[in-house]
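> See entry_33.pdb below, with PDB, C-alpha atoms.
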MODEL        1
ATOM      1  CA  MET A 715     109.829 114.493 107.659
ATOM      2  CA  ARG A 716     108.809 112.379 104.700
ATOM      3  CA  PHE A 717     107.002 109.723 106.760
ATOM      4  CA  ARG A 718     105.148 111.874 109.253
ATOM      5  CA  TYR A 719     103.272 109.041 110.870
ATOM      6  CA  HIS A 720     106.443 107.012 111.515
ATOM      7  CA  GLN A 721     108.535 107.253 114.642
ATOM      8  CA  PRO A 722     112.357 107.047 114.554
ATOM      9  CA  THR A 723     113.690 103.485 114.534
ATOM     10  CA  PRO A 724     115.951 102.814 117.564
ATOM     11  CA  ASN A 725     119.501 101.578 117.022
ATOM     12  CA  PHE A 726     119.450  97.761 117.130
ATOM     13  CA  TYR A 727     122.999  97.027 115.963
ATOM     14  CA  GLN A 728     124.625  94.163 117.839
ATOM     15  CA  ILE A 729     127.928  94.149 115.945
ATOM     16  CA  GLU A 730     130.381  96.986 115.249
ATOM     17  CA  ASN A 731     131.538  97.847 111.756
ATOM     18  CA  PRO A 732     134.907  96.244 110.860
ATOM     19  CA  GLN A 733     137.919  98.562 110.996
ATOM     20  CA  GLU A 734     139.146  97.362 107.606
ATOM     21  CA  PRO A 735     135.970  96.444 105.704
ATOM     22  CA  LYS A 736     135.987  94.057 102.772
ATOM     23  CA  THR A 737     134.808  95.322  99.398
ATOM     24  CA  THR A 738     134.070  92.096  97.510
ATOM     25  CA  ILE A 739     131.369  89.532  98.300
ATOM     26  CA  SER A 740     131.168  86.036  96.854
ATOM     27  CA  ASP A 741     128.132  84.939  94.858
ATOM     28  CA  ALA A 742     127.408  82.249  97.432
ATOM     29  CA  LEU A 743     127.476  84.655 100.381
ATOM     30  CA  LEU A 744     125.339  87.200  98.550
ATOM     31  CA  GLN A 745     122.802  84.487  97.718
ATOM     32  CA  GLU A 746     122.777  83.416 101.359
ATOM     33  CA  PHE A 747     122.169  87.019 102.422
ATOM     34  CA  GLN A 748     119.285  87.335  99.951
ATOM     35  CA  ASP A 749     117.793  84.046 101.156
ATOM     36  CA  ILE A 750     117.898  85.266 104.758
ATOM     37  CA  ALA A 751     116.202  88.518 103.708
ATOM     38  CA  ILE A 752     113.382  86.610 101.990
ATOM     39  CA  ALA A 753     113.071  84.289 104.999
ATOM     40  CA  SER A 754     112.716  87.454 107.114
ATOM     41  CA  ARG A 755     109.599  88.294 105.042
ATOM     42  CA  PHE A 756     111.168  90.891 102.773
ATOM     43  CA  ALA A 757     109.603  90.790  99.305
ATOM     44  CA  GLY A 758     112.881  91.277  97.471
ATOM     45  CA  VAL A 759     116.352  92.810  97.404
ATOM     46  CA  SER A 760     117.648  95.406  94.934
ATOM     47  CA  TYR A 761     120.945  97.261  94.634
ATOM     48  CA  SER A 762     121.846 100.829  93.713
ATOM     49  CA  LYS A 763     125.212 102.172  92.583
ATOM     50  CA  LEU A 764     125.000 105.918  93.086
ATOM     51  CA  SER A 765     126.559 108.022  90.364
ATOM     52  CA  ASP A 766     129.121 110.743  91.052
ATOM     53  CA  GLU A 767     126.539 113.296  89.918
ATOM     54  CA  PHE A 768     124.010 111.927  92.402
ATOM     55  CA  LYS A 769     126.538 111.982  95.259
ATOM     56  CA  SER A 770     127.466 115.557  94.443
ATOM     57  CA  GLU A 771     123.813 116.650  94.255
ATOM     58  CA  TRP A 772     122.992 115.169  97.666
ATOM     59  CA  ASN A 773     126.401 115.891  99.236
ATOM     60  CA  ILE A 774     127.151 112.287 100.232
ATOM     61  CA  ASP A 775     130.307 110.190  99.940
ATOM     62  CA  TRP A 776     128.866 106.658  99.829
ATOM     63  CA  ASP A 777     127.556 104.817  96.817
ATOM     64  CA  ASN A 778     126.824 101.078  97.271
ATOM     65  CA  ILE A 779     123.261 100.482  98.455
ATOM     66  CA  VAL A 780     121.272  97.386  99.427
ATOM     67  CA  ILE A 781     117.499  97.976  99.137
ATOM     68  CA  LEU A 782     115.272  95.721 101.255
ATOM     69  CA  LYS A 783     111.630  95.788 100.131
ATOM     70  CA  TYR A 784     108.708  94.701 102.268
ATOM     71  CA  THR A 785     105.058  94.247 101.316
ATOM     72  CA  MET A 786     102.694  96.500 103.205
ATOM     73  CA  SER A 787      99.756  94.646 104.763
ATOM     74  CA  ASP A 788      96.641  94.475 102.584
ATOM     75  CA  ASP A 789      94.417  94.674 105.646
ATOM     76  CA  ILE A 790      96.068  97.895 106.784
ATOM     77  CA  LEU A 791      96.128  99.469 103.310
ATOM     78  CA  LYS A 792      92.391  98.911 102.881
ATOM     79  CA  MET A 793      91.540 100.677 106.154
ATOM     80  CA  ASP A 794      90.162 104.208 105.993
ATOM     81  CA  PRO A 795      92.608 106.932 107.059
ATOM     82  CA  SER A 796      92.742 107.147 110.851
ATOM     83  CA  LYS A 797      95.102 107.398 113.810
ATOM     84  CA  GLU A 798      94.749 103.643 114.299
ATOM     85  CA  LYS A 799      95.777 102.976 110.703
ATOM     86  CA  CYS A 800      98.821 105.223 111.076
ATOM     87  CA  LYS A 801      99.730 103.380 114.287
ATOM     88  CA  LEU A 802      99.518 100.005 112.556
ATOM     89  CA  MET A 803     101.561 101.269 109.602
ATOM     90  CA  ASP A 804     104.250 102.471 111.986
ATOM     91  CA  GLU A 805     104.300  99.142 113.850
ATOM     92  CA  GLU A 806     104.861  97.364 110.528
ATOM     93  CA  PHE A 807     107.567  99.889 109.637
ATOM     94  CA  GLN A 808     109.330  99.328 112.988
ATOM     95  CA  GLU A 809     109.149  95.544 112.588
ATOM     96  CA  PHE A 810     110.994  95.619 109.277
ATOM     97  CA  GLY A 811     113.369  98.262 110.584
ATOM     98  CA  ILE A 812     114.500  95.830 113.281
ATOM     99  CA  LYS A 813     114.918  93.098 110.657
ATOM    100  CA  THR A 814     117.069  95.468 108.598
ATOM    101  CA  PHE A 815     119.398  96.073 111.541
ATOM    102  CA  ALA A 816     119.766  92.286 111.864
ATOM    103  CA  LEU A 817     120.668  92.001 108.168
ATOM    104  CA  ALA A 818     123.201  94.827 108.503
ATOM    105  CA  ASP A 819     124.756  92.912 111.417
ATOM    106  CA  ILE A 820     125.127  89.852 109.180
ATOM    107  CA  LEU A 821     127.101  91.916 106.679
ATOM    108  CA  ARG A 822     129.213  93.414 109.474
ATOM    109  CA  GLU A 823     129.919  89.969 110.903
ATOM    110  CA  CYS A 824     131.109  88.874 107.454
ATOM    111  CA  GLY A 825     133.603  91.745 107.367
ATOM    112  CA  PHE A 826     131.692  94.391 105.384
ATOM    113  CA  LYS A 827     130.775  97.896 106.444
ATOM    114  CA  ALA A 828     126.985  98.207 106.681
ATOM    115  CA  ASP A 829     124.889 101.124 107.967
ATOM    116  CA  LEU A 830     121.187 101.837 107.687
ATOM    117  CA  ILE A 831     120.244 104.998 105.846
ATOM    118  CA  ASN A 832     117.838 106.830 108.143
ATOM    119  CA  PRO A 833     114.460 106.655 106.327
ATOM    120  CA  LEU A 834     113.275 109.781 108.173
ATOM    121  CA  ASP A 835     116.252 111.912 107.145
ATOM    122  CA  ASP A 836     115.337 114.369 104.378
ATOM    123  CA  ARG A 837     118.989 115.113 103.625
ATOM    124  CA  VAL A 838     118.850 112.373 101.001
ATOM    125  CA  SER A 839     115.883 110.933  99.108
ATOM    126  CA  LEU A 840     115.397 107.181  99.439
ATOM    127  CA  ARG A 841     113.044 107.307  96.459
ATOM    128  CA  ALA A 842     115.805 108.861  94.365
ATOM    129  CA  ILE A 843     118.201 106.134  95.543
ATOM    130  CA  ALA A 844     115.602 103.519  94.592
ATOM    131  CA  LEU A 845     115.457 104.920  91.058
ATOM    132  CA  GLN A 846     119.250 104.570  90.818
ATOM    133  CA  SER A 847     118.758 100.799  91.108
ATOM    134  CA  ASN A 848     117.127 100.748  87.643
ATOM    135  CA  GLU A 849     114.489  98.475  89.174
ATOM    136  CA  ALA A 850     111.971 101.124  90.210
ATOM    137  CA  VAL A 851     109.771 103.810  88.695
ATOM    138  CA  ILE A 852     107.573 106.614  90.038
ATOM    139  CA  THR A 853     103.936 106.070  89.074
ATOM    140  CA  ARG A 854     101.436 108.770  88.198
ATOM    141  CA  SER A 855     100.175 108.703  91.792
ATOM    142  CA  ASN A 856     103.724 109.461  92.989
ATOM    143  CA  MET A 857     104.329 105.954  94.339
ATOM    144  CA  CYS A 858     107.721 104.277  94.045
ATOM    145  CA  MET A 859     107.038 100.923  92.398
ATOM    146  CA  PHE A 860     109.192  97.831  91.883
ATOM    147  CA  GLU A 861     108.251  94.669  89.984
ATOM    148  CA  GLU A 862     107.383  93.062  93.332
ATOM    149  CA  GLY A 863     104.514  95.494  93.691
ATOM    150  CA  LEU A 864     103.170  98.958  94.252
ATOM    151  CA  ASN A 865     102.393  98.329  97.923
ATOM    152  CA  LEU A 866     105.997  98.273  99.084
ATOM    153  CA  GLY A 867     107.917  99.946 101.835
ATOM    154  CA  PHE A 868     111.692  99.771 101.913
ATOM    155  CA  PHE A 869     114.780 100.160 104.048
ATOM    156  CA  MET A 870     118.293 100.710 102.736
ATOM    157  CA  ILE A 871     121.788  99.778 103.843
ATOM    158  CA  LYS A 872     124.890 101.599 102.605
ATOM    159  CA  THR A 873     127.815  99.199 102.403
ATOM    160  CA  SER A 874     131.458  98.790 101.436
ATOM    161  CA  ILE A 875     130.556  96.009  98.980
ATOM    162  CA  GLU A 876     131.494  97.192  95.489
ATOM    163  CA  ASN A 877     130.588  94.150  93.363
ATOM    164  CA  LEU A 878     126.849  94.001  94.006
ATOM    165  CA  PRO A 879     124.724  93.017  90.961
ATOM    166  CA  PHE A 880     123.850  96.535  89.846
ATOM    167  CA  LYS A 881     121.585  96.917  86.812
ATOM    168  CA  SER A 882     122.448  99.325  84.000
ATOM    169  CA  GLU A 883     119.013  99.512  82.315
ATOM    170  CA  ASN A 884     115.527 100.020  83.756
ATOM    171  CA  SER A 885     112.937  97.523  82.515
ATOM    172  CA  LEU A 886     110.094  99.502  84.131
ATOM    173  CA  GLU A 887     110.307 102.579  81.897
ATOM    174  CA  TRP A 888     107.107 101.513  80.107
ATOM    175  CA  VAL A 889     105.121 102.088  83.316
ATOM    176  CA  ARG A 890     105.185 105.864  82.846
ATOM    177  CA  ASP A 891     103.551 105.525  79.435
ATOM    178  CA  TYR A 892     100.941 103.132  80.804
ATOM    179  CA  CYS A 893     100.136 105.490  83.690
ATOM    180  CA  SER A 894      99.552 108.324  81.244
ATOM    181  CA  THR A 895      96.769 106.284  79.594
ATOM    182  CA  CYS A 896      95.132 104.993  82.783
ATOM    183  CA  GLY A 897      93.960 107.701  85.183
ATOM    184  CA  VAL A 898      92.283 105.450  87.771
ATOM    185  CA  CYS A 899      94.197 107.142  90.590
ATOM    186  CA  ILE A 900      92.962 110.532  89.378
ATOM    187  CA  ASP A 901      89.340 109.429  89.260
ATOM    188  CA  ARG A 902      89.408 107.641  92.612
ATOM    189  CA  CYS A 903      91.448 110.108  94.700
ATOM    190  CA  PRO A 904      89.235 111.335  97.583
ATOM    191  CA  GLU A 905      91.431 114.408  98.125
ATOM    192  CA  LYS A 906      91.548 115.489  94.448
ATOM    193  CA  VAL A 907      95.328 115.852  94.505
ATOM    194  CA  PHE A 908      95.699 116.085  90.723
ATOM    195  CA  ASP A 909      95.416 119.282  88.717
ATOM    196  CA  GLU A 910      93.478 119.664  85.443
ATOM    197  CA  GLU A 911      96.425 118.268  83.467
ATOM    198  CA  GLY A 912      96.635 115.203  85.703
ATOM    199  CA  ASN A 913      99.756 116.339  87.525
ATOM    200  CA  PHE A 914     100.198 115.142  91.119
ATOM    201  CA  LEU A 915     100.011 117.876  93.786
ATOM    202  CA  ARG A 916     102.120 116.500  96.623
ATOM    203  CA  LYS A 917     101.200 119.112  99.235
ATOM    204  CA  GLN A 918      97.523 118.187  98.990
ATOM    205  CA  CYS A 919      98.104 114.457  99.423
ATOM    206  CA  THR A 920      97.280 113.081 102.887
ATOM    207  CA  ALA A 921      99.082 109.739 102.475
ATOM    208  CA  HIS A 922     101.995 110.679 104.738
ATOM    209  CA  ARG A 923      99.874 112.608 107.248
ATOM    210  CA  GLU A 924      96.740 110.521 107.672
ATOM    211  CA  GLY A 925      97.580 107.211 106.025
ATOM    212  CA  CYS A 926      95.402 107.515 102.922
ATOM    213  CA  SER A 927      96.199 104.714 100.461
ATOM    214  CA  LYS A 928      93.255 104.823  98.034
ATOM    215  CA  CYS A 929      95.536 105.383  95.031
ATOM    216  CA  ILE A 930      97.303 102.114  95.840
ATOM    217  CA  THR A 931      94.235  99.941  96.378
ATOM    218  CA  PHE A 932      92.522 101.123  93.176
ATOM    219  CA  CYS A 933      95.653 100.946  91.000
ATOM    220  CA  PRO A 934      95.724  98.160  88.354
ATOM    221  CA  PHE A 935      99.267  97.284  89.459
ATOM    222  CA  TYR A 936      97.885  96.487  92.915
ATOM    223  CA  LYS A 937      94.613  94.870  91.844
ATOM    224  CA  ARG A 938      96.015  92.767  88.972
ATOM    225  CA  GLY A 939      99.761  92.612  89.587
ATOM    226  CA  TYR A 940     102.755  93.801  87.585
ATOM    227  CA  ASP A 941     102.925  90.906  85.126
ATOM    228  CA  LYS A 942      99.254  91.056  84.103
ATOM    229  CA  VAL A 943      99.362  94.820  83.585
ATOM    230  CA  LYS A 944     102.532  94.469  81.512
ATOM    231  CA  LYS A 945     100.840  91.879  79.278
ATOM    232  CA  ARG A 946      97.835  94.184  78.857
ATOM    233  CA  TYR A 947     100.148  97.065  77.958
ATOM    234  CA  GLY A 948     101.858  94.866  75.377
ATOM    235  CA  ARG A 949      98.491  94.128  73.723
ATOM    236  CA  MET A 950      97.658  97.843  73.734
ATOM    237  CA  LYS A 951     100.849  98.619  71.808
ATOM    238  CA  LYS A 952     100.305  96.047  69.057
TER     239      LYS A 952
ENDMDL
END
Show how you would write the structure in this file as structure tokens.

Amino acid sequence: MRFRYHQPTPNFYQIENPQEPKTTISDALLQEFQDIAIASRFAGVSYSKLSDEFKSEWNIDWDNIVILKYTMSDDILKMDPSKEKCKLMDEEFQEFGIKTFALADILRECGFKADLINPLDDRVSLRAIALQSNEAVITRSNMCMFEEGLNLGFFMIKTSIENLPFKSENSLEWVRDYCSTCGVCIDRCPEKVFDEEGNFLRKQCTAHREGCSKCITFCPFYKRGYDKVKKRYGRMKK
């Protein structure tokens, strides 16, 4: 499993999917849904439209995705790896999992099909789906980052809604170039999970086994924030 310290999230649906789901949502209803998500302490909402090539590669037949992003607790992230830290990370994960079921129920109640994508199911990569939103990028330390931050977890809902505000271009492409000039995660990694060329060695990383998060807490995107790092990058390129 990708998140080895997480336990499966129980089924908390209260409403059944509609038999004849709607495919179009109004701007007002979508805004209301987003407002409820933010009020539920999600950091932001993104949307992915999966390409035919992607669906064929992963052998799936659904394509409209709502991505619900939550900010991982600073206090937990700064803890040293331990069983207690993993327990707290899972409790946070379960909390937002329950909130995601509630948001899926809202969509169902409004006449749309809405199902959580199991975040522990390796048959499809949630990180790959996140990249399809054109609002995310994989950093040098192998973290999936959105503009809202590096310290994000996320849940996803597949839905019948076809007119979600999908983005066609990724404004975070510059992050890869910035990461190639930084190297803080390489220098600070306690497990030395980078090879001599600075490539990430996933099998050596203990993040998903023991809860190590040093690469997050030392990263400029975490310490300074996305906007400040982007401004610094802009000055570097002048």
> Rounded to one decimal, what separation in Å do you get between CA of Cys933 (chain A) and CA of Lys881 (chain A)?
26.6 Å
> So, counting all atoms listed in the file, which residue among A:Ile871, A:Val889, A:Leu878, A:Ile729 is closest to Cys858 (chain A)?
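Selected residue with least distance to Cys858 (chain A): A:Val889.
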> Fewer than 6 positions away in the same chain doesn't count, so skip those; otherwise give me all residues within 8 Å of Val759 (chain A), counting all atoms listed in the file, as a PyMOL selection string.
chain A and resi 748+751+780-783
> Give me a file of those residues, with C-alpha atoms, as an mmCIF file, in the frame of the given file.

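What ended up in part_24.cif:
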data_model
loop_
_atom_site.group_PDB
_atom_site.id
_atom_site.type_symbol
_atom_site.label_atom_id
_atom_site.label_comp_id
_atom_site.auth_asym_id
_atom_site.auth_seq_id
_atom_site.Cartn_x
_atom_site.Cartn_y
_atom_site.Cartn_z
ATOM 1 C CA GLN A 748 119.285 87.335 99.951
ATOM 2 C CA ALA A 751 116.202 88.518 103.708
ATOM 3 C CA VAL A 780 121.272 97.386 99.427
ATOM 4 C CA ILE A 781 117.499 97.976 99.137
ATOM 5 C CA LEU A 782 115.272 95.721 101.255
ATOM 6 C CA LYS A 783 111.630 95.788 100.131
#
> Would you kindly translate the PyMOL selection byres ((chain A and resi 904-917) around 12) into the concrete residues it picks from this file, as number ranges by chain?
A: 716, 794-795, 852-857, 893-903, 918-924, 926-929, 932
> Work out how far CA of Thr931 (chain A) is from CA of Ala757 (chain A), in Å to one decimal.
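Separating CA of Ala757 (chain A) from CA of Thr931 (chain A) is a distance of 18.1 Å.
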> Could you work out how far CA of Asp789 (chain A) lies from CA of Arg841 (chain A), giving the answer in Å with one decimal?
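Atom-to-atom, CA of Arg841 (chain A) to CA of Asp789 (chain A), that is 24.3 Å.
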> Please determine, counting all atoms listed in the file, which residue among A:Ser787, A:Lys799, A:Glu806, A:Leu764 has the shortest atom-to-atom distance to Val838 (chain A).
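Smallest separation from Val838 (chain A) among the options: A:Leu764.
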> Select, from A:Glu861, A:Asp941, A:Glu730, A:Glu849, the residue with the minimum atom-to-atom distance to Asp829 (chain A), counting all atoms listed in the file.
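Smallest separation from Asp829 (chain A) among the options: A:Glu730.
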> Could you tell me, as a VMD selection string, exactly which residues end up selected when the PyMOL selection byres ((chain A and resi 950) around 12) is applied to this structure?
chain A and resid 888 891 to 892 895 to 896 943 to 949 951 to 952
> Evaluated on this file, the PyMOL selection byres ((chain A and resi 768) around 12) picks out some residues - which ones are they, written as a list of chain:residue names?
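What the PyMOL selection byres ((chain A and resi 768) around 12) grabs from the file is A:Ser762, A:Lys763, A:Leu764, A:Ser765, A:Asp766, A:Glu767, A:Lys769, A:Ser770, A:Glu771, A:Trp772, A:Asn773, A:Ile774, A:Asp775, A:Trp776, A:Asp777, A:Val838, A:Ser839, A:Ala842, A:Ile843, A:Leu845, A:Gln846.
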> Just want the 6 Å neighbourhood of Lys872 (chain A), counted on all atoms listed in the file, with same-chain residues fewer than 6 positions away dropped. Output as a PyMOL selection string.
chain A and resi 778-779+828-829
> I need every residue sitting at most 6 Å from the point (111.0, 100.5, 92.4) (coordinates as in the file, only C-alpha atoms considered), written as a ChimeraX atom specification.
/A:844,849-851,858-860
> Those same residues - C-alpha atoms - I'd like them written as a compact mmCIF listing (two decimals), in the coordinates of the input.

# COMPACT_ATOMS: atom_id res chain seq x y z
CA ALA A 844 115.60 103.52 94.59
CA GLU A 849 114.49 98.48 89.17
CA ALA A 850 111.97 101.12 90.21
CA VAL A 851 109.77 103.81 88.70
CA CYS A 858 107.72 104.28 94.04
CA MET A 859 107.04 100.92 92.40
CA PHE A 860 109.19 97.83 91.88
> With distances taken over all atoms listed in the file, which of A:Ser740, A:Asn725, A:Ser754, A:Thr785 is nearest to Leu817 (chain A)?
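Closest residue, counting all atoms listed in the file: A:Ser754.
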> Around region 822-825 of chain A, with edges along x, y and z and 6 Å added on all six sides, what centre and edge lengths do you get, in Å to one decimal, as JSON?

{"center_x": 131.4, "center_y": 91.1, "center_z": 109.1, "size_x": 16.4, "size_y": 16.5, "size_z": 15.5}
> Would you kindly return, as number ranges by chain, each protein, DNA or RNA residue with an atom no farther than 10 Å from any atom of Phe726 (chain A), considering only C-alpha atoms and excluding same-chain residues fewer than 4 positions away?
A: 811-816, 818-819
> Measuring between all atoms listed in the file, which one of A:Gln728, A:Thr738, A:Gln808, A:Gln721 shows the shortest distance to Thr873 (chain A)?
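So, comparing all the options, the nearest one is A:Thr738.
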